[in-house]
2 protein chains.
Amino acid sequence: MHALSTPSIPPSTAWPLPCDSLERDDLCLPCSLARLPATAGAQRLQRRRLVRGESLFLQGEPFQGIQVVRAGSFKSVFHTHDGVEQVTGLHVEGDVLGLDGLARDRHENAAIALEDSDVLLLPQGDAAWWNDAGPDLQRAVTRLLSRELLRERRRLQLLSLRSAEARVAAFLHDVSVRMHARGYSACEFHLRLTREEIGSYLGLQLETVSRAIASLQRQRVLRAQGKHVRVLDAASLAACAGT
Amino acid sequence: MHALSTPSIPPSTAWPLPCDSLERDDLCLPCSLARLPATAGAQRLQRRRLVRGESLFLQGEPFQGIQVVRAGSFKSVFHTHDGVEQVTGLHVEGDVLGLDGLARDRHENAAIALEDSDVLLLPQGDAAWWNDAGPDLQRAVTRLLSRELLRERRRLQLLSLRSAEARVAAFLHDVSVRMHARGYSACEFHLRLTREEIGSYLGLQLETVSRAIASLQRQRVLRAQGKHVRVLDAASLAACAGT
DNA sequence: CGTTTCCTTGACTGCCATCAAAAGTGGTGG
DNA sequence: CCACCACTTTTGATGGCAGTCAAGGAAACG
């Protein structure tokens with residue numbers, strides 16, 4: 001196990017924050033944190049490394065604090081009471097994890113590293129945390145939550161009124177856009193999820209996902225072999241997704 | 001149009017707050033507000049009455065503030081870019097409306113009164129609002145948002161891996177529970193949504209909703225004629241819903 | 001009381017789940 | 001390096017659930 005927690009480091013020093021490369025910094029928690037006045041000096045960012053397959057937190061675990069992906073990627077997984085497991089999210093560099101723990105002080109999803117990854121933990125001490133944190137941070141958290149709500153709602157619409165092919169196209173388009181926003185190529189990337197995980201995320205069976213990708217290839221919208229995807233026609237992809 | 005705004009009234013006086021009859025007051029915004037110290041005296045609750053069919057706010061309108069349903073009921077409706085409209089929520093007495101406006105300072109859904117209704121508006125003045133509001137209120141808002149996220153996620157699971165009948169059963173069960181929590185009968189209530197609206201909410205066609213209800217009646221789980229529903233066997237209903 | 005909206009039921013179609021099997025991929029150890 | 005294994009992906013065949021089209025009847029509203 002390579003996992004280890006480096007000792008606490010002061011917030012606005014040392015290594016570059018992940019949001020340095022992002023545009024919408026009002027949504028970036030570490031940026032908000034870095035701008036906080038001295039009162040926040042008490043706050044400590046903790047770094048953590050995880051190897052592929054390791055869990056950042058498990059479902060039902062007490063809420064430790066909000067976490068930011070510095071490198072690598074994660075999937076969020078929810079286990080229903082009857083043993084079924086569903087993928088609820090895909091998170092890459094710059095994404096915030098753990099917001100679901102705010103409601104009841106325990107995590108409602110597990111977060112699993114899809115590759116060797118690196119995160120920042122913003123520890124939540126106790127109830128007084130919120131008072132000390134300051135309005136900037138609180139506002140940032142509120143916007144993040146509200147934003148998450150919108151994402152979830154969009155996904156819901158995708159599931160409730162789009163065909164299998166449209167869902168897969170929308171998923172790939174979303175990945176493409178998010179990779180591009182983080183400085184990677186928008187037209188060529190490596191999927192970290194299996195067909196089964198994508199299906200779970202989209203409410204489809206793995207065979208259906210495979211068939212949808214095959215169909216998109218026949219339409220010359222993209223090329224895919226295994227997890228490697230090359231988008232040939234981004235406009236067509238968006239059209240297939242229905243956006 | 002019977003709609004009218006009464007002049008502002010001081011917060012913790014006069015008429016009973018809707019949460020007086022609720023158990024989990026840590027989630028109740030008006031309660032949190034009533035407990036605020038003097039600094040919040042500047043805040044003014046505004047009352048508003050709406051007749052059936054009237055909108056509390058429309059999609060795209062600037063965010064006015066968080067609203068609490070005092071009496072009556074509302075549906076949340078989202079209009080997609082291509083003209084399709086989808087029901088995204090059903091809100092009754094004590095529910096909080098308008099949280100989706102926090103992310104971008106404009107509403108992402110419309111809220112339509114399903115009957116003559118009564119709401120409280122907690123106006124959001126400007127950016128300084130958050131700072132003045134105080135940590136208690138902020139924390140309450142954060143928890144509400146996080147809670148909303150969980151609701152949305154549960155609905156998503158319902159849509160992605162449950163049959164039509166299970167979805168309808170889950171919807172009716174949810175309504176039953178929520179009515180009960182507000183002091184109404186859990187086993188007999190009046191649906192305010194049409195079959196089409198229920199279908200839109202659950203990702204189904206109206207005929208499918210009708211057939212699912214017919215099936216539940218054949219199983220002696222409930223009796224329904226039109227919008228009037230009587231639950232005969234709550235346990236079976238929950239079982240059909242898969243909970 | 002008439003008109004409009006809503007609900008129910010039937011028949012048919014199509015999409016996607018399911019079952020099944022073969023081919024491909026990656027990692028491990030001999 | 002190669003054989004082996006587990007896992008993943010692809011493709012085919014079949015069936016069922018829910019969408020679609022259609023029409024008659026009930027309820028709500030002015």
# chains A, B, ... in the order shown; residues from 1 in each chain; ligands from 1
>>> interface_residues(of="chain A", to="chain B", cutoff="7 Å", atoms="only C-alpha atoms", output="CSV table (one decimal) with C-alpha atoms, in the first residue's frame")
chain,number,residue,atom,x,y,z
A,100,ASP,CA,-22.5,14.4,0.0
A,102,LEU,CA,-22.3,17.4,4.6
A,103,ALA,CA,-26.0,16.5,5.2
A,130,TRP,CA,-18.3,26.4,9.9
A,131,ASN,CA,-18.1,29.5,12.0
A,135,PRO,CA,-18.1,33.4,4.6
A,142,THR,CA,-22.9,26.5,-1.2
A,143,ARG,CA,-22.2,27.2,-4.9
A,145,LEU,CA,-23.5,22.1,-3.8
A,146,SER,CA,-25.9,24.0,-5.9
A,147,ARG,CA,-23.8,23.3,-9.0
A,149,LEU,CA,-27.5,19.7,-7.9
A,152,GLU,CA,-27.4,15.6,-11.0
A,156,LEU,CA,-31.6,12.7,-14.5
A,159,LEU,CA,-31.7,8.9,-18.0
A,160,SER,CA,-35.4,9.6,-18.2
A,161,LEU,CA,-35.8,10.7,-21.7
A,203,GLY,CA,-28.6,3.1,-16.3
>>> interface_residues(of="chain C", to="chain A", cutoff="9 Å", atoms="only C-alpha atoms (C1' of nucleotides)", output="list in words")
DC15, DC16, DA17 and DT25 of chain C
>>> interface_residues(of="chain A", to="chain D", cutoff="9 Å", atoms="only C-alpha atoms (C1' of nucleotides)", output="compact mmCIF listing (two decimals) with N, CA and C atoms, in the first residue's frame")
# COMPACT_ATOMS: atom_id res chain seq x y z
N THR A 194 -14.82 0.86 -16.96
CA THR A 194 -15.15 -0.26 -17.84
C THR A 194 -16.53 -0.02 -18.45
N ARG A 195 -16.89 -0.82 -19.45
CA ARG A 195 -18.22 -0.72 -20.04
C ARG A 195 -19.30 -0.93 -18.98
N GLU A 207 -23.56 -4.58 -22.30
CA GLU A 207 -23.69 -4.91 -23.72
C GLU A 207 -24.27 -3.74 -24.51
N SER A 210 -21.62 -1.17 -25.12
CA SER A 210 -20.73 -1.63 -26.19
C SER A 210 -21.38 -1.44 -27.56
N ARG A 211 -22.65 -1.80 -27.67
CA ARG A 211 -23.36 -1.65 -28.93
C ARG A 211 -23.50 -0.18 -29.32
N ALA A 214 -20.25 0.94 -30.66
CA ALA A 214 -20.09 0.36 -32.00
C ALA A 214 -20.88 1.17 -33.03
N GLY A 226 -11.22 -0.57 -27.03
CA GLY A 226 -11.14 -0.72 -25.58
C GLY A 226 -11.41 0.60 -24.90
>>> atom_distance(atom1="C1' of DT4 in chain C", atom2="CA of Phe189 in chain B")
25.2 Å
>>> residues_around(residues="range 56-62 of chain B", least_positions_apart="4", cutoff="9 Å", atoms="only C-alpha atoms (C1' of nucleotides)", output="NGL selection string")
:B and (48 or 50 or 74 or 77-79 or 98 or 101 or 104-113 or 119)
>>> atom_distance(atom1="CA of Pro123 in chain B", atom2="CA of Arg178 in chain B")
26.5 Å
>>> atom_distance(atom1="CA of Val229 in chain B", atom2="CA of Lys75 in chain B")
18.7 Å
